[in-house]
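Below is coords_4.cif, which holds mmCIF, C-alpha atoms and all ligand atoms.
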data_work
loop_
_atom_site.label_atom_id
_atom_site.label_comp_id
_atom_site.auth_asym_id
_atom_site.auth_seq_id
_atom_site.Cartn_x
_atom_site.Cartn_y
_atom_site.Cartn_z
CA MET A 1 -31.96 -14.86 -29.49
CA ASN A 2 -30.13 -18.10 -28.69
CA GLU A 3 -28.22 -18.98 -25.56
CA THR A 4 -24.76 -18.54 -27.04
CA ILE A 5 -25.49 -14.96 -28.02
CA ASP A 6 -27.05 -14.36 -24.63
CA SER A 7 -23.96 -15.50 -22.81
CA GLU A 8 -21.72 -13.57 -25.19
CA LEU A 9 -23.65 -10.40 -24.45
CA PHE A 10 -23.35 -11.17 -20.79
CA ASP A 11 -19.56 -11.62 -21.13
CA ASP A 12 -19.30 -8.36 -23.05
CA ALA A 13 -21.20 -6.51 -20.34
CA ASN A 14 -18.94 -7.98 -17.66
CA ARG A 15 -15.83 -7.19 -19.65
CA ALA A 16 -16.90 -3.54 -19.98
CA LEU A 17 -17.61 -3.46 -16.26
CA HIS A 18 -14.28 -4.96 -15.18
CA PHE A 19 -11.97 -3.60 -17.86
CA PRO A 20 -11.42 -0.15 -16.27
CA ILE A 21 -10.28 -1.79 -13.03
CA ARG A 22 -7.82 -4.08 -14.78
CA LEU A 23 -6.65 -1.18 -16.93
CA GLU A 24 -5.85 0.79 -13.77
CA VAL A 25 -3.95 -2.16 -12.28
CA ALA A 26 -1.84 -2.51 -15.44
CA ARG A 27 -1.22 1.25 -15.63
CA CYS A 28 -0.11 1.37 -11.99
CA ILE A 29 2.12 -1.69 -12.26
CA SER A 30 3.82 -0.43 -15.40
CA ASP A 31 4.15 2.99 -13.76
CA LEU A 32 2.70 4.96 -16.66
CA GLN A 33 0.82 8.25 -16.53
CA ASN A 34 -2.31 8.44 -18.71
CA LYS A 35 -0.48 10.46 -21.36
CA GLU A 36 2.43 8.00 -21.50
CA LEU A 37 0.00 5.11 -21.64
CA ALA A 38 -1.70 6.62 -24.69
CA GLU A 39 1.61 7.34 -26.42
CA ASP A 40 3.10 3.93 -25.72
CA SER A 41 -0.12 2.22 -26.82
CA GLY A 42 -0.21 4.20 -30.04
CA VAL A 43 -3.64 5.71 -29.39
CA GLY A 44 -4.90 9.26 -28.90
CA PRO A 45 -5.42 10.71 -25.40
CA ARG A 46 -9.18 10.44 -25.84
CA ALA A 47 -8.93 6.66 -26.27
CA VAL A 48 -7.56 6.29 -22.73
CA SER A 49 -10.40 8.32 -21.23
CA ASN A 50 -12.83 6.15 -23.18
CA TRP A 51 -11.12 3.03 -21.83
CA LYS A 52 -11.51 4.35 -18.32
CA ARG A 53 -15.25 4.61 -18.93
CA GLY A 54 -15.47 0.97 -19.99
CA VAL A 55 -14.96 1.12 -23.75
CA VAL A 56 -12.99 -2.09 -24.30
CA PRO A 57 -10.29 -1.79 -26.98
CA HIS A 58 -9.92 -4.26 -29.83
CA GLY A 59 -7.45 -5.05 -32.56
CA SER A 60 -4.42 -2.79 -32.78
CA SER A 61 -5.43 -0.66 -29.75
CA LEU A 62 -5.62 -3.76 -27.61
CA ARG A 63 -2.28 -4.99 -28.92
CA GLY A 64 -0.84 -1.53 -28.25
CA LEU A 65 -2.15 -1.54 -24.68
CA ALA A 66 -0.73 -5.00 -24.06
CA GLY A 67 2.61 -3.96 -25.51
CA ALA A 68 2.78 -0.74 -23.49
CA THR A 69 1.99 -2.40 -20.15
CA GLY A 70 3.61 -5.79 -20.65
CA PHE A 71 0.35 -7.56 -19.80
CA PRO A 72 -1.09 -10.32 -22.01
CA GLU A 73 -4.03 -9.11 -24.15
CA HIS A 74 -6.09 -11.79 -22.48
CA TYR A 75 -5.76 -9.97 -19.14
CA PHE A 76 -7.88 -7.08 -20.39
CA MET A 77 -10.46 -9.39 -21.96
CA LYS A 78 -11.28 -11.31 -18.77
CA SER A 79 -15.00 -11.33 -18.03
CA THR A 80 -14.46 -12.50 -14.43
CA PRO A 81 -14.42 -9.88 -11.66
CA PRO A 82 -10.94 -8.63 -10.70
CA PRO A 83 -9.59 -10.08 -7.44
CA THR A 84 -10.60 -8.23 -4.29
CA VAL A 85 -7.85 -6.52 -2.29
CA ASP A 86 -9.37 -5.65 1.06
CA ARG A 87 -8.27 -4.36 4.43
CA LEU A 88 -4.91 -3.17 3.15
CA ASN A 89 -2.36 -2.45 5.88
CA TYR A 90 0.76 -0.45 5.13
CA PHE A 91 2.80 2.18 6.81
CA VAL A 92 4.85 4.69 4.89
CA ARG A 93 6.25 7.83 6.42
CA THR A 94 7.28 9.79 3.37
CA ALA A 95 5.47 8.92 0.15
CA THR A 96 2.09 10.21 -0.99
CA PRO A 97 -0.41 7.84 0.60
CA ASN A 98 -2.77 7.55 -2.40
CA TYR A 99 -0.03 6.71 -4.82
CA VAL A 100 1.40 4.09 -2.49
CA ARG A 101 -2.00 2.60 -1.76
CA ASP A 102 -2.73 2.27 -5.49
CA ARG A 103 0.58 0.56 -6.14
CA PHE A 104 0.08 -1.90 -3.30
CA THR A 105 -3.49 -2.59 -4.38
CA ALA A 106 -2.40 -3.17 -7.98
CA TYR A 107 0.31 -5.62 -6.96
CA GLY A 108 -2.18 -7.31 -4.63
CA SER A 109 -4.53 -7.71 -7.56
CA LEU A 110 -1.82 -9.63 -9.46
CA VAL A 111 -1.30 -11.87 -6.44
CA GLY A 112 -5.07 -12.39 -6.49
CA GLU A 113 -5.09 -13.48 -10.14
CA ILE A 114 -2.58 -16.20 -9.23
CA VAL A 115 -4.43 -17.16 -6.03
CA GLU A 116 -7.62 -17.61 -8.03
CA SER A 117 -5.89 -19.67 -10.65
CA VAL A 118 -4.30 -22.11 -8.13
CA ARG A 119 -6.80 -21.87 -5.27
CA ASP A 120 -7.42 -25.64 -5.13
CA TYR A 121 -3.72 -26.25 -4.52
CA LEU A 122 -3.27 -23.84 -1.61
CA PRO A 123 -3.21 -24.94 2.04
CA GLU A 124 -6.60 -24.70 3.66
CA LEU A 125 -7.29 -21.54 5.64
CA SER A 126 -7.18 -22.35 9.35
CA PRO A 127 -10.19 -21.26 11.45
CA ALA A 128 -7.62 -19.42 13.61
CA LEU A 129 -7.27 -16.86 10.82
CA MET A 130 -11.01 -16.35 10.60
CA TRP A 131 -11.19 -15.41 14.26
CA SER A 132 -12.15 -11.79 14.93
CA PRO A 133 -10.95 -10.81 18.39
CA THR A 134 -13.33 -8.73 20.49
CA THR A 135 -10.52 -7.02 22.36
CA ARG A 136 -7.97 -4.53 21.05
CA ALA A 137 -5.44 -5.49 23.71
CA ALA A 138 -2.72 -6.62 21.32
CA ASP A 139 -0.81 -8.68 23.91
CA HIS A 140 -3.89 -10.74 24.67
CA VAL A 141 -4.79 -11.19 21.04
CA ALA A 142 -1.23 -12.38 20.29
CA ILE A 143 -1.23 -14.92 23.09
CA GLU A 144 -4.67 -16.18 22.07
CA MET A 145 -3.55 -16.44 18.45
CA ARG A 146 -0.54 -18.54 19.48
CA LEU A 147 -2.94 -20.94 21.20
CA ARG A 148 -5.27 -21.05 18.22
CA LEU A 149 -2.34 -21.87 15.95
CA GLY A 150 -1.44 -24.76 18.24
CA LEU A 151 1.71 -23.34 19.83
CA ALA A 152 2.55 -24.46 23.36
CA GLU A 153 3.09 -21.82 26.05
CA GLU A 154 6.83 -22.25 26.18
CA GLN A 155 7.27 -22.86 22.46
CA THR A 156 9.52 -20.59 20.43
CA ILE A 157 8.76 -20.22 16.72
CA ASP A 158 11.42 -21.76 14.52
CA SER A 159 10.00 -20.56 11.26
CA ILE A 160 7.22 -18.04 11.31
CA VAL A 161 6.80 -18.36 7.53
CA ALA A 162 6.23 -22.13 7.76
CA LEU A 163 3.87 -21.69 10.71
CA LEU A 164 1.70 -19.15 8.90
CA GLU A 165 1.77 -20.93 5.55
CA ARG A 166 0.51 -24.11 7.21
CA SER A 167 -2.43 -22.04 8.44
CA GLY A 168 -3.23 -20.74 4.99
CA VAL A 169 -1.55 -17.32 5.15
CA LEU A 170 0.36 -16.53 1.95
CA VAL A 171 3.74 -14.86 2.13
CA VAL A 172 5.01 -13.45 -1.16
CA ASN A 173 7.83 -11.24 -2.36
CA GLY A 174 6.83 -7.71 -3.19
CA PRO A 175 7.67 -5.59 -6.20
CA ASP A 176 11.34 -4.81 -6.52
CA GLU A 177 11.26 -1.08 -6.25
CA ARG A 178 9.36 -0.62 -3.00
CA LYS A 179 12.24 0.32 -0.78
CA GLN A 180 10.40 2.39 1.80
CA VAL A 181 8.45 -0.41 3.52
CA ASP A 182 9.41 -3.69 5.18
CA GLY A 183 6.15 -5.25 4.16
CA TYR A 184 2.41 -4.84 3.93
CA SER A 185 -0.63 -7.04 4.14
CA ALA A 186 -4.18 -7.41 2.88
CA TRP A 187 -6.97 -9.88 2.40
CA ILE A 188 -6.66 -10.78 -1.25
CA SER A 189 -9.43 -12.90 -2.81
CA ASP A 190 -10.38 -13.82 0.78
CA ARG A 191 -6.86 -14.96 1.63
CA PRO A 192 -4.64 -13.29 4.23
CA VAL A 193 -1.51 -12.26 2.33
CA ILE A 194 1.74 -10.75 3.60
CA VAL A 195 3.89 -9.06 0.98
CA LEU A 196 7.55 -8.75 1.92
CA ASN A 197 10.14 -6.36 0.60
CA PRO A 198 12.84 -8.57 -0.89
CA HIS A 199 15.40 -5.80 -0.29
CA ARG A 200 14.91 -5.81 3.43
CA GLY A 201 16.09 -9.34 3.80
CA GLU A 202 17.38 -9.86 7.29
CA LEU A 203 16.02 -12.68 9.38
CA LEU A 204 15.31 -10.69 12.54
CA ARG A 205 13.71 -7.89 10.62
CA SER A 206 11.57 -10.14 8.45
CA ARG A 207 10.36 -12.23 11.40
CA LYS A 208 9.29 -9.07 13.14
CA THR A 209 7.66 -7.73 9.97
CA ILE A 210 5.71 -10.94 9.39
CA ALA A 211 4.46 -11.08 12.98
CA HIS A 212 3.55 -7.38 12.77
CA GLU A 213 1.54 -7.91 9.56
CA LEU A 214 -0.19 -10.93 11.10
CA GLY A 215 -1.27 -8.61 13.91
CA HIS A 216 -2.81 -6.23 11.35
CA LEU A 217 -4.55 -9.06 9.50
CA VAL A 218 -6.11 -10.36 12.70
CA MET A 219 -6.96 -7.10 14.46
CA HIS A 220 -7.47 -4.42 11.84
CA ASP A 221 -9.63 -3.57 8.87
CA GLY A 222 -6.88 -1.77 6.99
CA VAL A 223 -5.55 1.77 6.99
CA ALA A 224 -7.13 3.27 3.86
CA GLY A 225 -9.20 6.30 4.76
CA LYS A 226 -8.08 6.26 8.39
CA THR A 227 -6.67 9.33 10.13
CA ALA A 228 -2.96 9.56 10.88
CA LYS A 229 -3.75 9.14 14.56
CA VAL A 230 -5.63 5.89 13.99
CA VAL A 231 -2.89 4.58 11.70
CA GLN A 232 -0.24 5.27 14.35
CA GLN A 233 -2.34 3.59 16.99
CA ARG A 234 -2.67 0.53 14.76
CA GLU A 235 1.05 0.49 14.10
CA LYS A 236 1.68 0.39 17.83
CA GLU A 237 -0.84 -2.39 18.28
CA ALA A 238 0.73 -4.45 15.49
CA ASP A 239 4.18 -3.95 17.06
CA ARG A 240 2.93 -5.09 20.43
CA PHE A 241 1.24 -8.05 18.81
CA ALA A 242 4.52 -9.00 17.09
CA ARG A 243 6.52 -9.00 20.31
CA SER A 244 3.94 -10.96 22.27
CA PHE A 245 3.53 -13.42 19.43
CA LEU A 246 7.26 -14.10 19.08
CA ILE A 247 8.06 -14.27 22.81
CA PRO A 248 6.56 -17.41 24.40
CA PRO A 249 4.13 -16.44 27.18
CA ALA A 250 5.36 -19.17 29.55
CA PRO A 251 6.27 -17.50 32.87
CA ALA A 252 9.64 -19.25 32.90
CA PHE A 253 10.50 -17.78 29.51
CA ARG A 254 9.40 -14.31 30.53
CA ARG A 255 11.49 -14.56 33.69
CA ARG A 256 14.42 -15.31 31.41
CA VAL A 257 13.72 -12.14 29.44
CA GLN A 258 13.46 -10.20 32.67
CA GLN A 259 16.72 -11.57 33.98
CA ALA A 260 18.50 -10.96 30.72
CA VAL A 261 17.29 -7.35 30.76
CA ARG A 262 18.13 -6.81 34.46
CA THR A 263 21.60 -8.25 34.36
CA TYR A 264 22.06 -6.84 30.92
CA GLY A 265 24.48 -9.58 30.00
CA TRP A 266 24.97 -9.56 26.25
CA VAL A 267 25.17 -13.34 26.19
CA ALA A 268 21.84 -13.72 27.99
CA LEU A 269 20.16 -11.15 25.75
CA GLU A 270 21.54 -12.78 22.65
CA GLY A 271 20.26 -16.12 23.88
CA VAL A 272 16.75 -14.67 24.09
CA GLN A 273 17.25 -13.15 20.65
CA ALA A 274 18.30 -16.51 19.22
CA ASN A 275 15.23 -18.21 20.74
CA THR A 276 12.67 -15.68 19.67
CA GLY A 277 14.19 -14.21 16.56
CA ILE A 278 13.49 -10.71 17.79
CA SER A 279 16.30 -8.22 18.16
CA VAL A 280 17.90 -7.18 21.44
CA THR A 281 16.49 -3.66 21.05
CA GLU A 282 13.04 -5.19 20.61
CA ILE A 283 13.51 -7.33 23.71
CA LEU A 284 14.35 -4.23 25.70
CA THR A 285 11.23 -2.50 24.37
CA TYR A 286 9.24 -5.56 25.26
CA ALA A 287 10.53 -5.44 28.82
CA LEU A 288 9.27 -1.89 28.97
CA HIS A 289 5.81 -2.96 27.78
CA LEU A 290 5.71 -5.75 30.33
CA GLY A 291 6.42 -3.13 32.96
CA LEU A 292 9.66 -4.85 33.91
CA GLU A 293 11.67 -1.68 33.64
CA ASP A 294 11.04 2.01 33.18
CA MET A 295 11.69 4.05 30.05
CA GLN A 296 14.86 5.67 31.33
CA PHE A 297 16.45 2.35 32.17
CA ILE A 298 15.52 0.86 28.79
CA GLU A 299 16.74 3.86 26.86
CA LYS A 300 20.12 3.79 28.56
CA ARG A 301 20.46 0.10 27.83
CA ALA A 302 19.38 0.45 24.22
CA ILE A 303 21.90 3.25 23.65
CA ALA A 304 24.67 1.22 25.27
CA TRP A 305 23.73 -1.77 23.13
CA SER A 306 23.92 0.06 19.85
CA ALA A 307 27.15 1.78 20.88
CA ASP A 308 28.72 -1.62 21.63
CA HIS A 309 27.45 -3.22 18.44
CA SER A 310 28.32 -1.55 15.22
CA THR A 311 26.23 -2.58 12.24
CA SER A 312 29.20 -4.27 10.63
CA HIS A 313 29.33 -6.69 13.55
CA ARG A 314 26.11 -8.66 13.47
CA HIS A 315 24.66 -10.76 16.22
CA GLY A 316 21.95 -13.32 16.59
CA ALA A 317 21.21 -16.73 15.21
CA GLY A 318 21.00 -16.93 11.48
CA THR A 319 21.02 -13.19 10.80
CA GLY A 320 21.21 -12.67 7.07
CA PHE A 321 19.34 -15.85 6.32
CA VAL A 322 15.78 -15.18 5.24
CA GLU A 323 13.02 -17.73 5.58
CA ARG A 324 11.84 -18.66 2.15
CA PRO A 325 8.08 -18.83 1.57
CA SER A 326 6.93 -21.93 -0.32
CA ALA A 327 3.13 -22.33 -0.23
CA LEU A 328 2.36 -20.31 -3.36
CA ARG A 329 5.36 -21.73 -5.22
CA GLU A 330 4.31 -25.28 -4.45
CA ALA A 331 0.70 -24.58 -5.44
CA VAL A 332 1.84 -23.08 -8.75
CA ASN A 333 4.19 -25.99 -9.45
CA ARG A 334 1.55 -28.60 -8.66
CA ALA A 335 -1.11 -26.84 -10.69
CA ALA A 336 1.31 -26.56 -13.64
CA GLU A 337 2.14 -30.24 -13.39
CA ASP A 338 -1.54 -31.29 -13.27
CA ARG A 339 -2.37 -29.08 -16.22
CA ARG A 340 0.67 -30.29 -18.18
CA SER A 341 1.78 -26.70 -18.22
CA THR A 342 4.62 -24.59 -16.78
CA PRO A 343 4.60 -21.79 -14.19
CA GLU A 344 5.34 -19.36 -17.03
CA LEU A 345 2.35 -20.54 -19.07
CA LEU A 346 0.21 -20.53 -15.95
CA ALA A 347 1.04 -16.86 -15.41
CA ARG A 348 0.02 -16.08 -19.01
CA GLU A 349 -3.22 -17.99 -18.53
CA ALA A 350 -3.91 -16.13 -15.28
CA GLY A 351 -3.30 -13.00 -17.35
CA ILE A 352 -0.31 -11.51 -15.59
CA PRO A 353 3.20 -10.77 -16.85
CA THR A 354 5.36 -13.82 -16.19
CA LYS A 355 8.11 -11.87 -14.44
CA PHE A 356 5.74 -10.81 -11.63
CA MET A 357 4.66 -14.32 -10.83
CA LEU A 358 8.23 -15.58 -10.93
CA ARG A 359 9.19 -12.84 -8.46
CA MET A 360 6.26 -13.63 -6.15
CA ILE A 361 7.26 -17.27 -5.87
CA GLU A 362 11.05 -17.01 -6.25
ZN ZN B 401 2.01 -1.85 10.12
#

If you convert what's in this file into structure tokens, what do you get?
Ligand SMILES: [Zn+2]
Amino acid sequence: MNETIDSELFDDANRALHFPIRLEVARCISDLQNKELAEDSGVGPRAVSNWKRGVVPHGSSLRGLAGATGFPEHYFMKSTPPPTVDRLNYFVRTATPNYVRDRFTAYGSLVGEIVESVRDYLPELSPALMWSPTTRAADHVAIEMRLRLGLAEEQTIDSIVALLERSGVLVVNGPDERKQVDGYSAWISDRPVIVLNPHRGELLRSRKTIAHELGHLVMHDGVAGKTAKVVQQREKEADRFARSFLIPPAPAFRRRVQQAVRTYGWVALEGVQANTGISVTEILTYALHLGLEDMQFIEKRAIAWSADHSTSHRHGAGTGFVERPSALREAVNRAAEDRRSTPELLAREAGIPTKFMLRMIE
């Protein structure tokens, strides 16, 4: 037996091993049940169960599968292991957890295919992101993380997307139809990735979401398989992290928050909001966490605030403007240029439907 045949056998074995995982990703992404997948692919129901066991399709079945899912044939023929999607963090109140988890994992896997294809062009991962805190006190972790990312004590964060992208975190747009979450996060192919819901595009909300997901990425090992109680605890921790991360820890700044809360002047509160990018309601909650005020006081203020400010009358600096991620887009563009290719071709080569990559980097 010569070496070529050896390596071909090896590729075949790997393909059979990895195919069922990629099949599941494609099925999830194209939102097909097994029966529909068989029908749309033009094969019998037994073919799909064979596929799931690692029987790799060829010829017309493969073309049918590609056509039904919208994935390039080449995607199913890859002999490399599928990207890893680890430590997935998401929070959904209503939907069936397993279904949601599978969808998020599948989309994460597509992000991973791109990450692996342009890895050399991505910003280096900062050691700050590889830090595993020994404490679960979210406020402390947030303040320490600010330091590790090189932020001064009194420094407000102009663009949280730019800050995190410089440190090697990837921020990408999520699939269109996920309306029930602001965002989610995972370690994808060993990269911290935050997936944002493009439909929830308000600056204050997305800043908060990004800081919240950063908290998960740093502190938590995901929510899959965790009890509802643990998930809720982690949600609280990520929220606390977000507030402490966005509000500079400098005593002078915190005194300003305190004063703004005490005097309850709208102008003062809005000034804090403009500086931190977190909403007035969040600032009030933060004051509660800092022990500046008690619950009753905060609740009264929060109710008065929302009564005074109808949703049609928006406040805060830049509300409505969403920070645009650029790290993955730039990596894709540079890789395409070097390879005398285009982002569209690069997506095909990575094996994913072009439209998904274009959405991720749009
Ligand atoms: Zn969360």

Discussion item. My list of candidates is A:Ile210, A:Val172, A:Leu346, A:Ala138. Which is closest to ligand ZN 401 (chain B) when distances are computed with all atoms listed in the file?
Written reply: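 So, comparing all the options, the nearest one is A:Ile210.
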
Practice prompt. Find, counting all atoms listed in the file, the residue in A:Ile194, A:Ala252, A:Ala327, A:Val267 that gets nearest to ligand ZN 401 (chain B).
Written response: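 Closest candidate: A:Ile194.
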
Worksheet item: Which residues sit within 9 Å of ligand ZN 401 (chain B), counting all atoms listed in the file, listed as a count of residues only?
Response: 21

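Atom to atom, atom CA of Gly225 of chain A and atom CA of Ala142 of chain A stand 25.6 Å apart.
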
Fill in: Test item: residues at most 12 Å from Pro82 of chain A, all atoms listed in the file, excluding those fewer than 3 positions along its chain, as a PyMOL selection string
chain A and resi 14-15+17-26+75-79+85+105-106+108-116+188-189+350-351

Worksheet item: If you count all atoms listed in the file, which residues fall within 10 Å of Arg27 of chain A, apart from same-chain ones fewer than 3 positions away, as a PyMOL selection string?
Response: chain A and resi 21-24+30-34+36-37+65+68-71+103+106

Determine, counting all atoms listed in the file, which protein, DNA and RNA residues have an atom within 12 Å of an atom of Arg255 of chain A; residues of the same chain fewer than 6 positions away are not included. Present the result as an mmCIF file with C-alpha atoms, keeping the file's coordinate frame.
data_model
loop_
_atom_site.group_PDB
_atom_site.id
_atom_site.type_symbol
_atom_site.label_atom_id
_atom_site.label_comp_id
_atom_site.auth_asym_id
_atom_site.auth_seq_id
_atom_site.Cartn_x
_atom_site.Cartn_y
_atom_site.Cartn_z
ATOM 1 C CA GLU A 154 6.830 -22.250 26.180
ATOM 2 C CA ILE A 247 8.060 -14.270 22.810
ATOM 3 C CA PRO A 248 6.560 -17.410 24.400
ATOM 4 C CA PRO A 249 4.130 -16.440 27.180
ATOM 5 C CA VAL A 261 17.290 -7.350 30.760
ATOM 6 C CA ARG A 262 18.130 -6.810 34.460
ATOM 7 C CA THR A 263 21.600 -8.250 34.360
ATOM 8 C CA ALA A 268 21.840 -13.720 27.990
ATOM 9 C CA VAL A 272 16.750 -14.670 24.090
ATOM 10 C CA ALA A 287 10.530 -5.440 28.820
ATOM 11 C CA LEU A 290 5.710 -5.750 30.330
ATOM 12 C CA LEU A 292 9.660 -4.850 33.910
#
